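data-v7.txt (compact mmCIF, C-alpha atoms)
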# COMPACT_ATOMS: atom_id res chain seq x y z
CA MET A 1 0.00 0.00 0.00
CA GLN A 2 1.21 3.47 -0.79
CA GLU A 3 1.66 6.03 1.95
CA THR A 4 -1.23 8.21 3.07
CA GLY A 5 0.01 11.73 2.38
CA ASN A 6 3.23 12.93 0.84
CA ASN A 7 5.22 13.44 4.06
CA ILE A 8 5.15 10.29 6.17
CA ASN A 9 6.29 10.50 9.78
CA THR A 10 8.68 7.65 10.60
CA GLN A 11 6.44 6.79 13.55
CA SER A 12 3.21 6.62 11.57
CA LEU A 13 1.02 3.73 10.51
CA SER A 14 -1.58 3.77 7.74
CA ILE A 15 -4.13 0.95 7.50
CA ARG A 16 -6.65 0.50 4.67
CA PHE A 17 -9.86 -1.47 5.20
CA SER A 18 -11.67 -2.62 2.09
CA ALA A 19 -14.19 -5.30 1.17
CA GLY A 20 -11.73 -6.29 -1.55
CA GLY A 21 -8.66 -6.55 0.64
CA PHE A 22 -6.57 -5.28 3.52
CA SER A 23 -3.29 -3.37 3.47
CA PHE A 24 -1.02 -1.35 5.72
CA PHE A 25 2.06 0.82 5.49
CA SER A 26 4.58 1.77 8.17
CA ASN A 27 8.10 3.17 8.01
CA GLU A 28 9.55 -0.36 8.14
CA SER A 29 7.21 -2.51 6.09
CA SER A 30 4.05 -2.74 4.04
CA LYS A 31 1.71 -5.57 3.09
CA GLU A 32 -1.34 -5.98 0.88
CA PHE A 33 -3.89 -8.80 0.94
CA LYS A 34 -6.37 -9.20 -1.94
CA PHE A 35 -9.56 -11.20 -1.31
CA SER A 36 -11.23 -13.48 -3.84
CA HIS A 37 -14.58 -12.96 -2.08
CA SER A 38 -15.96 -9.67 -0.81
CA ASP A 39 -15.42 -9.05 2.92
CA ASP A 40 -18.43 -6.75 3.39
CA SER A 41 -18.38 -6.84 7.19
CA PHE A 42 -14.57 -6.35 7.29
CA ALA A 43 -14.29 -9.47 9.46
CA ARG A 44 -11.32 -10.84 7.53
CA CYS A 45 -9.68 -7.40 7.51
CA ARG A 46 -9.98 -7.22 11.28
CA ALA A 47 -8.61 -10.74 11.73
CA ILE A 48 -5.56 -10.03 9.57
CA CYS A 49 -5.02 -6.74 11.37
CA LEU A 50 -4.86 -8.53 14.73
CA CYS A 51 -2.30 -11.04 13.42
CA GLU A 52 0.23 -8.66 11.86
CA ALA A 53 2.96 -7.92 14.41
CA GLU A 54 4.17 -4.81 12.56
CA ILE A 55 0.83 -3.11 13.16
CA TRP A 56 1.13 -3.37 16.94
CA LYS A 57 4.32 -1.42 17.41
CA ASP A 58 4.27 1.96 19.15
CA TYR A 59 3.31 4.58 16.56
CA LYS A 60 2.98 8.30 17.04
CA SER A 61 0.01 8.49 14.66
CA VAL A 62 -2.37 5.97 13.08
CA THR A 63 -4.64 6.54 10.09
CA ALA A 64 -7.46 4.11 9.35
CA GLU A 65 -8.50 4.54 5.73
CA ILE A 66 -11.92 3.32 4.55
CA ASP A 67 -11.97 2.14 0.94
CA ASP A 68 -15.70 1.91 0.15
CA GLU A 69 -18.10 3.15 -2.51
CA VAL A 70 -20.56 4.79 -0.08
CA SER A 71 -19.47 8.44 0.00
CA SER A 72 -20.80 11.81 -1.19
CA LEU A 73 -19.45 15.36 -1.39
CA PHE A 74 -21.34 18.36 0.03
CA PRO A 75 -20.62 22.04 0.74
CA SER A 76 -19.14 22.30 4.23
CA GLY A 77 -21.49 23.49 6.98
CA LEU A 78 -24.59 23.34 4.79
CA PHE A 79 -26.07 20.23 6.41
CA GLY A 80 -26.28 18.89 9.95
CA ASN A 81 -25.81 15.25 10.97
CA GLU A 82 -29.48 14.37 10.51
CA ASP A 83 -29.51 16.00 7.07
CA CYS A 84 -26.43 14.01 6.07
CA GLU A 85 -28.13 10.75 7.05
CA ARG A 86 -31.22 11.60 5.02
CA ILE A 87 -29.16 12.56 1.99
CA MET A 88 -27.01 9.44 2.20
CA ARG A 89 -30.15 7.32 2.52
CA PHE A 90 -31.50 9.03 -0.60
CA ASN A 91 -28.25 8.50 -2.54
CA TYR A 92 -27.85 4.93 -1.30
CA PRO A 93 -31.36 3.49 -0.70
CA SER A 94 -30.00 0.09 0.36
CA LEU A 95 -27.73 1.58 3.05
CA ASP A 96 -28.69 0.11 6.44
CA LEU A 97 -28.03 2.81 9.03
CA ASN A 98 -28.40 0.18 11.76
CA ARG A 99 -25.12 -1.26 10.45
CA PHE A 100 -23.36 1.97 9.47
CA TYR A 101 -22.74 5.39 10.90
CA ILE A 102 -22.06 8.48 8.82
CA SER A 103 -18.65 10.15 9.18
CA GLN A 104 -17.53 13.50 7.77
CA GLN A 105 -14.12 14.58 6.50
CA TYR A 106 -13.43 18.22 5.61
CA ILE A 107 -11.40 18.93 2.46
CA ASP A 108 -9.17 21.65 3.86
CA GLY A 109 -9.40 25.03 2.14
CA PHE A 110 -12.09 24.19 -0.42
CA ASP A 111 -15.41 24.28 1.47
CA ILE A 112 -16.05 20.61 0.65
CA THR A 113 -16.97 17.85 3.09
CA ASN A 114 -16.68 14.19 2.17
CA ILE A 115 -19.47 12.26 3.90
CA PHE A 116 -18.98 8.49 4.06
CA ALA A 117 -20.35 5.39 5.75
CA VAL A 118 -18.35 3.36 8.28
CA ASN A 119 -19.36 -0.15 9.25
CA LYS A 120 -20.28 -0.07 12.97
CA GLU A 121 -18.44 -3.33 13.70
CA LEU A 122 -15.32 -1.85 12.15
CA GLU A 123 -15.87 1.39 14.09
CA ALA A 124 -16.07 -0.58 17.36
CA PHE A 125 -12.90 -2.47 16.42
CA LEU A 126 -11.03 0.76 15.75
CA LYS A 127 -12.23 2.37 18.97
CA GLU A 128 -11.06 -0.64 20.97
CA TYR A 129 -7.64 -1.19 19.38
CA PHE A 130 -6.82 2.22 17.83
CA PRO A 131 -8.71 4.75 19.97
CA TYR A 132 -6.64 7.69 18.71
CA ALA A 133 -6.70 6.73 15.02
CA THR A 134 -7.82 9.25 12.42
CA ILE A 135 -10.54 7.71 10.25
CA THR A 136 -10.42 8.87 6.63
CA HIS A 137 -11.91 7.90 3.28
CA THR A 138 -9.66 6.94 0.38
CA SER A 139 -11.17 9.52 -1.96
CA SER A 140 -10.54 12.50 0.34
CA ALA A 141 -6.76 12.71 -0.11
CA ILE A 142 -7.05 12.29 -3.88
CA ILE A 143 -9.58 15.12 -4.13
CA GLU A 144 -7.52 17.38 -1.87
CA ASN A 145 -4.31 16.76 -3.82
CA ALA A 146 -6.05 17.41 -7.15
CA LEU A 147 -7.58 20.66 -5.93
CA LYS A 148 -4.41 22.05 -4.34
CA SER A 149 -2.07 21.07 -7.15
CA SER A 150 -4.32 22.28 -9.98
CA ARG A 151 -4.87 25.61 -8.19
CA LYS A 152 -1.12 26.05 -7.68
CA GLU A 153 -0.32 25.25 -11.32
CA GLY A 154 -3.40 26.97 -12.77
CA ILE A 155 -4.22 24.03 -15.05
CA THR A 156 -6.41 20.92 -15.34
CA GLU A 157 -5.00 17.80 -13.65
CA VAL A 158 -6.13 14.20 -13.23
CA TRP A 159 -5.32 12.40 -9.98
CA ALA A 160 -5.93 8.68 -9.44
CA LYS A 161 -5.31 5.96 -6.89
CA GLU A 162 -5.33 2.20 -7.40
CA THR A 163 -6.48 0.09 -4.44
CA THR A 164 -7.15 -3.64 -4.04
CA ALA A 165 -10.44 -3.59 -5.95
CA ALA A 166 -11.03 -0.02 -7.09
CA LEU A 167 -9.71 2.99 -8.95
CA TYR A 168 -10.36 6.43 -7.46
CA VAL A 169 -10.16 9.43 -9.78
CA ALA A 170 -10.43 13.19 -9.26
CA VAL A 171 -10.21 15.84 -11.97
CA ALA A 172 -9.66 19.47 -11.01
CA GLU A 173 -9.25 22.66 -13.01
CA ASN A 174 -7.44 25.56 -11.35
CA GLY A 175 -8.68 24.59 -7.89
CA SER A 176 -12.24 23.66 -8.94
CA LEU A 177 -13.41 20.05 -8.77
CA ILE A 178 -14.66 18.78 -12.13
CA LEU A 179 -15.15 15.11 -11.31
CA SER A 180 -14.67 12.62 -8.49
CA ASN A 181 -15.49 8.95 -8.92
CA ARG A 182 -14.74 5.42 -7.78
CA TYR A 183 -14.62 2.56 -10.29
CA SER A 184 -14.64 -1.13 -9.38
CA VAL A 185 -11.77 -2.87 -11.15
CA SER A 186 -10.61 -6.47 -11.44
CA ASN A 187 -7.52 -6.10 -13.66
CA LYS A 188 -5.18 -3.60 -15.30
CA ASN A 189 -7.29 -3.40 -18.45
CA ASP A 190 -10.17 -1.99 -16.39
CA ILE A 191 -7.90 0.81 -15.16
CA LEU A 192 -6.71 1.62 -18.69
CA TYR A 193 -10.31 1.66 -19.91
CA TYR A 194 -11.59 4.03 -17.21
CA ILE A 195 -8.67 6.43 -17.54
CA GLY A 196 -8.99 6.43 -21.32
CA ALA A 197 -12.75 6.97 -21.17
CA LEU A 198 -12.32 9.79 -18.67
CA TYR A 199 -9.86 11.64 -20.92
CA ALA A 200 -12.15 11.12 -23.91
CA ASN A 201 -15.41 12.12 -22.20
CA LEU A 202 -13.93 15.27 -20.65
CA LYS A 203 -12.05 16.07 -23.87
CA LEU A 204 -8.71 16.13 -22.09
CA SER A 205 -5.48 15.86 -24.04
CA GLN A 206 -3.45 12.73 -23.35
CA GLN A 207 -0.41 14.70 -24.49
CA SER A 208 -0.74 17.79 -22.31
CA THR A 209 -3.11 17.03 -19.38
CA PRO A 210 -1.03 15.54 -16.52
CA LEU A 211 -2.03 12.35 -14.74
CA PHE A 212 -0.77 11.73 -11.18
CA ILE A 213 -1.23 8.09 -10.27
CA CYS A 214 -0.72 6.28 -6.97
CA GLY A 215 -0.53 2.59 -7.76
CA GLU A 216 1.58 -0.42 -8.58
CA ASP A 217 4.65 0.05 -10.75
CA SER A 218 3.10 -2.10 -13.50
CA THR A 219 0.02 0.13 -13.56
CA VAL A 220 2.12 3.29 -13.79
CA LYS A 221 4.16 1.78 -16.62
CA LEU A 222 1.06 0.94 -18.67
CA LEU A 223 -0.45 4.38 -18.16
CA ARG A 224 2.79 6.10 -19.16
CA GLU A 225 2.46 4.41 -22.56
CA ARG A 226 -0.88 6.21 -23.04
CA VAL A 227 -0.61 9.49 -21.12
CA ALA A 228 2.47 11.56 -21.91
CA LYS A 229 2.58 13.46 -18.60
CA CYS A 230 1.97 10.51 -16.27
CA GLN A 231 3.72 10.75 -12.91
CA SER A 232 3.84 8.30 -9.99
CA VAL A 233 2.93 9.80 -6.61
CA SER A 234 2.23 8.69 -3.05
CA ILE A 235 -1.19 9.51 -1.64
Will you turn the file into structure tokens for me?
Amino acid sequence: MQETGNNINTQSLSIRFSAGGFSFFSNESSKEFKFSHSDDSFARCRAICLCEAEIWKDYKSVTAEIDDEVSSLFPSGLFGNEDCERIMRFNYPSLDLNRFYISQQYIDGFDITNIFAVNKELEAFLKEYFPYATITHTSSAIIENALKSSRKEGITEVWAKETTAALYVAVAENGSLILSNRYSVSNKNDILYYIGALYANLKLSQQSTPLFICGEDSTVKLLRERVAKCQSVSI
């Protein structure tokens, strides 16, 4: 798993929980587990987490990253907690709020809040074993990086992150968010298809519009054959 953020403290631990797999990164090691069957309750993720000795060292900071499709973006401060629950229920009619609670993550400096669902069993696990962990959603860092970088450079940029079973993408133009999406993927061809379709649908130039990708080396290599300004990053 790639680092969460560009400047990793040597005493930090980042853990990603996903129905498609489990992964973690520390200053000394990293591991990724891909599941052949969906772990919707995160039971297997929790079991692996308990068994990995590297996770239980003394870290100054711990980030628990949720890799899940249930998330929505809203203007910060516009809605209260009850409003967020109603909106999420509208956007995701099958979401069982008896099993999930709604968390909010502010995108610093852009008046955007990422609202996402966290499995209550996973929440209880984190509170018991990582009571001081910061709970984030995978898409938040990608969106924030795209917004900040595109505003600094004054151009349109594409940012993407490959996880165990998904591809997250954010497109920003001069600090304004154009698109944010999560695509379920099962192989490298899926990633190439979604990136290619995104460039085509938004009429972006594969020669001049930069792509910043956090993913496996093989994924970066394939994308560099198709996007001229493709750069590997850690998110």
Can you tell me which residues surround Tyr168 (chain A) at a distance of at most 12 Å, considering only C-alpha atoms, apart from same-chain residues fewer than 4 positions away, and format the answer as a PyMOL selection string?
chain A and resi 67-69+71+137-143+146+158-164+179-185+191+194-195+198+212-215+235
For CA of Ser72 (chain A) and CA of Phe116 (chain A), the interatomic separation in Å (one decimal):
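Calculated distance between CA of Ser72 (chain A) and CA of Phe116 (chain A) is 6.5 Å.
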Tell me, as number ranges by chain, which residues lie within 12 Å of region 38-55 of chain A, counting only C-alpha atoms; anything in the same chain fewer than 2 positions away does not count.
A: 11-36, 57-59, 61-64, 66-69, 99-100, 118-126, 128-130, 164-165
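Atom pair CA of Ile115 (chain A) / CA of Ser234 (chain A) has a distance of 23.1 Å (rounded to one decimal).
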Atom-to-atom span, CA of Cys84 (chain A) and CA of Ser176 (chain A), Å:
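Spanning CA of Cys84 (chain A) to CA of Ser176 (chain A) is a straight-line distance of 22.8 Å.
The residue that comes closest to Asn91 (chain A), out of A:Val233, A:Ser103, A:Ala117, A:Asp217 and on the basis of all atoms listed in the file, is A:Ala117.
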Can you patch up region 120-153 of chain A, filling it in to N, CA and C atoms, and show the result as a JSON list (two decimals), in the frame of the given file?
[["chain", "number", "residue", "atom", "x", "y", "z"],
["A", 120, "LYS", "N", -20.32, -0.25, 11.52],
["A", 120, "LYS", "CA", -20.28, -0.07, 12.97],
["A", 120, "LYS", "C", -19.41, -1.11, 13.67],
["A", 121, "GLU", "N", -19.33, -2.32, 13.12],
["A", 121, "GLU", "CA", -18.44, -3.33, 13.70],
["A", 121, "GLU", "C", -16.99, -2.91, 13.53],
["A", 122, "LEU", "N", -16.68, -2.34, 12.37],
["A", 122, "LEU", "CA", -15.32, -1.85, 12.15],
["A", 122, "LEU", "C", -15.05, -0.65, 13.04],
["A", 123, "GLU", "N", -16.03, 0.23, 13.20],
["A", 123, "GLU", "CA", -15.87, 1.39, 14.09],
["A", 123, "GLU", "C", -15.56, 0.93, 15.52],
["A", 124, "ALA", "N", -16.30, -0.08, 16.01],
["A", 124, "ALA", "CA", -16.07, -0.58, 17.36],
["A", 124, "ALA", "C", -14.67, -1.19, 17.49],
["A", 125, "PHE", "N", -14.24, -1.88, 16.44],
["A", 125, "PHE", "CA", -12.90, -2.47, 16.42],
["A", 125, "PHE", "C", -11.83, -1.38, 16.52],
["A", 126, "LEU", "N", -12.00, -0.33, 15.74],
["A", 126, "LEU", "CA", -11.03, 0.76, 15.75],
["A", 126, "LEU", "C", -11.01, 1.48, 17.09],
["A", 127, "LYS", "N", -12.18, 1.69, 17.67],
["A", 127, "LYS", "CA", -12.23, 2.37, 18.97],
["A", 127, "LYS", "C", -11.56, 1.55, 20.06],
["A", 128, "GLU", "N", -11.66, 0.23, 19.95],
["A", 128, "GLU", "CA", -11.06, -0.64, 20.97],
["A", 128, "GLU", "C", -9.54, -0.72, 20.82],
["A", 129, "TYR", "N", -9.07, -0.92, 19.59],
["A", 129, "TYR", "CA", -7.64, -1.19, 19.38],
["A", 129, "TYR", "C", -6.84, 0.04, 18.92],
["A", 130, "PHE", "N", -7.51, 1.02, 18.30],
["A", 130, "PHE", "CA", -6.82, 2.22, 17.83],
["A", 130, "PHE", "C", -7.65, 3.44, 18.23],
["A", 131, "PRO", "N", -7.79, 3.69, 19.52],
["A", 131, "PRO", "CA", -8.71, 4.75, 19.97],
["A", 131, "PRO", "C", -8.33, 6.15, 19.50],
["A", 132, "TYR", "N", -7.07, 6.37, 19.15],
["A", 132, "TYR", "CA", -6.64, 7.69, 18.71],
["A", 132, "TYR", "C", -6.43, 7.77, 17.19],
["A", 133, "ALA", "N", -6.88, 6.75, 16.47],
["A", 133, "ALA", "CA", -6.70, 6.73, 15.02],
["A", 133, "ALA", "C", -7.58, 7.78, 14.35],
["A", 134, "THR", "N", -7.05, 8.36, 13.27],
["A", 134, "THR", "CA", -7.82, 9.25, 12.42],
["A", 134, "THR", "C", -8.48, 8.42, 11.34],
["A", 135, "ILE", "N", -9.81, 8.49, 11.24],
["A", 135, "ILE", "CA", -10.54, 7.71, 10.25],
["A", 135, "ILE", "C", -10.77, 8.58, 9.02],
["A", 136, "THR", "N", -10.29, 8.12, 7.88],
["A", 136, "THR", "CA", -10.42, 8.87, 6.63],
["A", 136, "THR", "C", -11.07, 8.01, 5.55],
["A", 137, "HIS", "N", -11.43, 8.64, 4.45],
["A", 137, "HIS", "CA", -11.91, 7.90, 3.28],
["A", 137, "HIS", "C", -10.88, 8.04, 2.17],
["A", 138, "THR", "N", -10.70, 6.97, 1.41],
["A", 138, "THR", "CA", -9.66, 6.94, 0.38],
["A", 138, "THR", "C", -9.78, 8.11, -0.59],
["A", 139, "SER", "N", -10.99, 8.48, -0.95],
["A", 139, "SER", "CA", -11.17, 9.52, -1.96],
["A", 139, "SER", "C", -10.75, 10.90, -1.48],
["A", 140, "SER", "N", -10.78, 11.15, -0.17],
["A", 140, "SER", "CA", -10.54, 12.50, 0.34],
["A", 140, "SER", "C", -9.16, 13.04, -0.04],
["A", 141, "ALA", "N", -8.12, 12.25, 0.18],
["A", 141, "ALA", "CA", -6.76, 12.71, -0.11],
["A", 141, "ALA", "C", -6.55, 12.94, -1.60],
["A", 142, "ILE", "N", -7.19, 12.12, -2.44],
["A", 142, "ILE", "CA", -7.05, 12.29, -3.88],
["A", 142, "ILE", "C", -7.68, 13.61, -4.32],
["A", 143, "ILE", "N", -8.89, 13.87, -3.81],
["A", 143, "ILE", "CA", -9.58, 15.12, -4.13],
["A", 143, "ILE", "C", -8.77, 16.32, -3.66],
["A", 144, "GLU", "N", -8.27, 16.26, -2.43],
["A", 144, "GLU", "CA", -7.52, 17.38, -1.87],
["A", 144, "GLU", "C", -6.25, 17.65, -2.66],
["A", 145, "ASN", "N", -5.53, 16.59, -3.03],
["A", 145, "ASN", "CA", -4.31, 16.76, -3.82],
["A", 145, "ASN", "C", -4.61, 17.36, -5.18],
["A", 146, "ALA", "N", -5.68, 16.90, -5.82],
["A", 146, "ALA", "CA", -6.05, 17.41, -7.15],
["A", 146, "ALA", "C", -6.40, 18.89, -7.08],
["A", 147, "LEU", "N", -7.16, 19.27, -6.07],
["A", 147, "LEU", "CA", -7.58, 20.66, -5.93],
["A", 147, "LEU", "C", -6.39, 21.58, -5.65],
["A", 148, "LYS", "N", -5.55, 21.20, -4.71],
["A", 148, "LYS", "CA", -4.41, 22.05, -4.34],
["A", 148, "LYS", "C", -3.40, 22.17, -5.47],
["A", 149, "SER", "N", -3.08, 21.05, -6.10],
["A", 149, "SER", "CA", -2.07, 21.07, -7.15],
["A", 149, "SER", "C", -2.56, 21.83, -8.38],
["A", 150, "SER", "N", -3.81, 21.60, -8.78],
["A", 150, "SER", "CA", -4.32, 22.28, -9.98],
["A", 150, "SER", "C", -4.45, 23.78, -9.74],
["A", 151, "ARG", "N", -4.79, 24.19, -8.50],
["A", 151, "ARG", "CA", -4.87, 25.61, -8.19],
["A", 151, "ARG", "C", -3.47, 26.24, -8.22],
["A", 152, "LYS", "N", -2.49, 25.53, -7.69],
["A", 152, "LYS", "CA", -1.12, 26.05, -7.68],
["A", 152, "LYS", "C", -0.59, 26.21, -9.10],
["A", 153, "GLU", "N", -0.86, 25.23, -9.96],
["A", 153, "GLU", "CA", -0.32, 25.25, -11.32],
["A", 153, "GLU", "C", -1.22, 26.02, -12.28]]
